[in-house]
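> One structure follows; several queries about it will come next.
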Amino acid sequence: MVSDDVLMRKVKQVCVAHGASAISLNGYRSFALQVDKTRKQVSGHDLELVAGALVERYVKLGLDGKALRDIVYKVFNVRVPNHE
């Protein structure tokens, strides 16, 4: 089980690597918490589908799709297809 501090540190590292602004970090944090919550409920292909839907939702809210997919892959080890 990954603690929230470790999870947020990993998310911040990915965001910094993508040049995300300090203001947008809360959005990426919310996204990561939602993926983490989903990961506790579903797994496998279902998790990939839900994570992909979450990426699309947060892109519509103005976050960077590449950074979101990187968070899903590097923090949660889940592949999400690229639909850009």
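In the structure tokens, each chain is lettered A, B, ... as it comes, each chain's residues begin at 1, and ligands are numbered from 1 in order of appearance.
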Leaving out Lys66 in chain A and any residue of its chain fewer than 4 positions from it, which residues lie within 10 Å of it when counting only C-alpha atoms, given as a VMD selection string?
chain A and resid 15 18 55 59 70 to 72 82 84
> How would you write, as a ChimeraX atom specification, the set of residues in range 2-79 of chain A that DSSP gives as helix (DSSP H, G or I)?
/A:4-17,25-39,44-60,65-76
> If we count only C-alpha atoms and set the cut-off at 10 Å, which residues sit around Gly44 in chain A, ignoring sequence neighbours fewer than 3 positions away in its own chain? Please answer as a PyMOL selection string.
chain A and resi 39+47-49+78-79
> What does the distance from CA of Glu56 in chain A to CA of Leu68 in chain A come to in Å, to one decimal?
9.2 Å
> Which residues, written as a list in words, have at least one atom at most 12 Å from Asn26 in chain A, with only C-alpha atoms counted and residues fewer than 2 positions away on the same chain left out?
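Residues meeting the cut-off are Met8, Val11, Lys12, Cys15, Ala20, Ser21, Ala22, Ile23, Ser24, Tyr28, Arg29, Ser30, Phe31, Ala32, Leu33, Tyr58 and Leu63 of chain A.
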> Would you write out those residues with N, CA, C and O atoms, as a PDB file, in the first residue's frame?

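That gives us result-v5.pdb:
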ATOM      1  N   MET A   8       1.785  11.371  -3.614  1.00  0.00           N
ATOM      2  CA  MET A   8       1.841  12.770  -4.045  1.00  0.00           C
ATOM      3  C   MET A   8       3.241  13.168  -4.489  1.00  0.00           C
ATOM      4  O   MET A   8       3.401  13.970  -5.409  1.00  0.00           O
ATOM      5  N   VAL A  11       3.567  11.845  -8.007  1.00  0.00           N
ATOM      6  CA  VAL A  11       2.741  12.649  -8.919  1.00  0.00           C
ATOM      7  C   VAL A  11       3.441  13.980  -9.197  1.00  0.00           C
ATOM      8  O   VAL A  11       3.513  14.418 -10.347  1.00  0.00           O
ATOM      9  N   LYS A  12       3.975  14.599  -8.172  1.00  0.00           N
ATOM     10  CA  LYS A  12       4.658  15.882  -8.342  1.00  0.00           C
ATOM     11  C   LYS A  12       5.879  15.733  -9.237  1.00  0.00           C
ATOM     12  O   LYS A  12       6.147  16.591 -10.085  1.00  0.00           O
ATOM     13  N   CYS A  15       4.679  15.609 -12.761  1.00  0.00           N
ATOM     14  CA  CYS A  15       4.188  16.928 -13.175  1.00  0.00           C
ATOM     15  C   CYS A  15       5.337  17.891 -13.449  1.00  0.00           C
ATOM     16  O   CYS A  15       5.305  18.627 -14.434  1.00  0.00           O
ATOM     17  N   ALA A  20       4.413  21.187 -15.573  1.00  0.00           N
ATOM     18  CA  ALA A  20       3.097  21.633 -15.095  1.00  0.00           C
ATOM     19  C   ALA A  20       3.264  22.806 -14.132  1.00  0.00           C
ATOM     20  O   ALA A  20       4.227  22.871 -13.367  1.00  0.00           O
ATOM     21  N   SER A  21       2.318  23.717 -14.169  1.00  0.00           N
ATOM     22  CA  SER A  21       2.375  24.873 -13.279  1.00  0.00           C
ATOM     23  C   SER A  21       2.014  24.461 -11.851  1.00  0.00           C
ATOM     24  O   SER A  21       1.345  23.450 -11.631  1.00  0.00           O
ATOM     25  N   ALA A  22       2.460  25.261 -10.903  1.00  0.00           N
ATOM     26  CA  ALA A  22       2.174  24.979  -9.495  1.00  0.00           C
ATOM     27  C   ALA A  22       0.671  25.010  -9.231  1.00  0.00           C
ATOM     28  O   ALA A  22       0.157  24.242  -8.411  1.00  0.00           O
ATOM     29  N   ILE A  23      -0.027  25.850  -9.933  1.00  0.00           N
ATOM     30  CA  ILE A  23      -1.475  25.967  -9.748  1.00  0.00           C
ATOM     31  C   ILE A  23      -2.191  24.694 -10.186  1.00  0.00           C
ATOM     32  O   ILE A  23      -3.176  24.284  -9.579  1.00  0.00           O
ATOM     33  N   SER A  24      -1.690  24.039 -11.218  1.00  0.00           N
ATOM     34  CA  SER A  24      -2.361  22.846 -11.743  1.00  0.00           C
ATOM     35  C   SER A  24      -2.083  21.587 -10.920  1.00  0.00           C
ATOM     36  O   SER A  24      -2.740  20.562 -11.124  1.00  0.00           O
ATOM     37  N   TYR A  28      -3.886  17.564 -10.770  1.00  0.00           N
ATOM     38  CA  TYR A  28      -3.198  16.284 -10.949  1.00  0.00           C
ATOM     39  C   TYR A  28      -3.297  15.434  -9.686  1.00  0.00           C
ATOM     40  O   TYR A  28      -3.428  14.221  -9.753  1.00  0.00           O
ATOM     41  N   ARG A  29      -3.257  16.084  -8.532  1.00  0.00           N
ATOM     42  CA  ARG A  29      -3.398  15.379  -7.259  1.00  0.00           C
ATOM     43  C   ARG A  29      -4.790  14.741  -7.169  1.00  0.00           C
ATOM     44  O   ARG A  29      -4.922  13.584  -6.801  1.00  0.00           O
ATOM     45  N   SER A  30      -5.824  15.492  -7.526  1.00  0.00           N
ATOM     46  CA  SER A  30      -7.191  14.959  -7.505  1.00  0.00           C
ATOM     47  C   SER A  30      -7.328  13.771  -8.459  1.00  0.00           C
ATOM     48  O   SER A  30      -7.956  12.764  -8.133  1.00  0.00           O
ATOM     49  N   PHE A  31      -6.726  13.914  -9.634  1.00  0.00           N
ATOM     50  CA  PHE A  31      -6.749  12.831 -10.609  1.00  0.00           C
ATOM     51  C   PHE A  31      -6.103  11.574 -10.030  1.00  0.00           C
ATOM     52  O   PHE A  31      -6.669  10.476 -10.096  1.00  0.00           O
ATOM     53  N   ALA A  32      -4.920  11.729  -9.431  1.00  0.00           N
ATOM     54  CA  ALA A  32      -4.200  10.577  -8.875  1.00  0.00           C
ATOM     55  C   ALA A  32      -4.992   9.924  -7.752  1.00  0.00           C
ATOM     56  O   ALA A  32      -5.047   8.690  -7.652  1.00  0.00           O
ATOM     57  N   LEU A  33      -5.630  10.712  -6.919  1.00  0.00           N
ATOM     58  CA  LEU A  33      -6.440  10.146  -5.836  1.00  0.00           C
ATOM     59  C   LEU A  33      -7.626   9.369  -6.389  1.00  0.00           C
ATOM     60  O   LEU A  33      -7.996   8.318  -5.862  1.00  0.00           O
ATOM     61  N   TYR A  58     -10.221  14.597 -17.245  1.00  0.00           N
ATOM     62  CA  TYR A  58      -9.330  15.633 -16.735  1.00  0.00           C
ATOM     63  C   TYR A  58      -8.684  16.445 -17.850  1.00  0.00           C
ATOM     64  O   TYR A  58      -8.320  17.597 -17.630  1.00  0.00           O
ATOM     65  N   LEU A  63      -6.179  19.787 -18.055  1.00  0.00           N
ATOM     66  CA  LEU A  63      -4.874  19.223 -17.715  1.00  0.00           C
ATOM     67  C   LEU A  63      -4.252  18.552 -18.939  1.00  0.00           C
ATOM     68  O   LEU A  63      -4.940  18.204 -19.893  1.00  0.00           O
TER      69      LEU A  63
END
> With distances taken over only C-alpha atoms, which residue among A:Asp46, A:Val16, A:Gly65, A:Asp36 lies nearest Ser3 in chain A?
A:Asp36
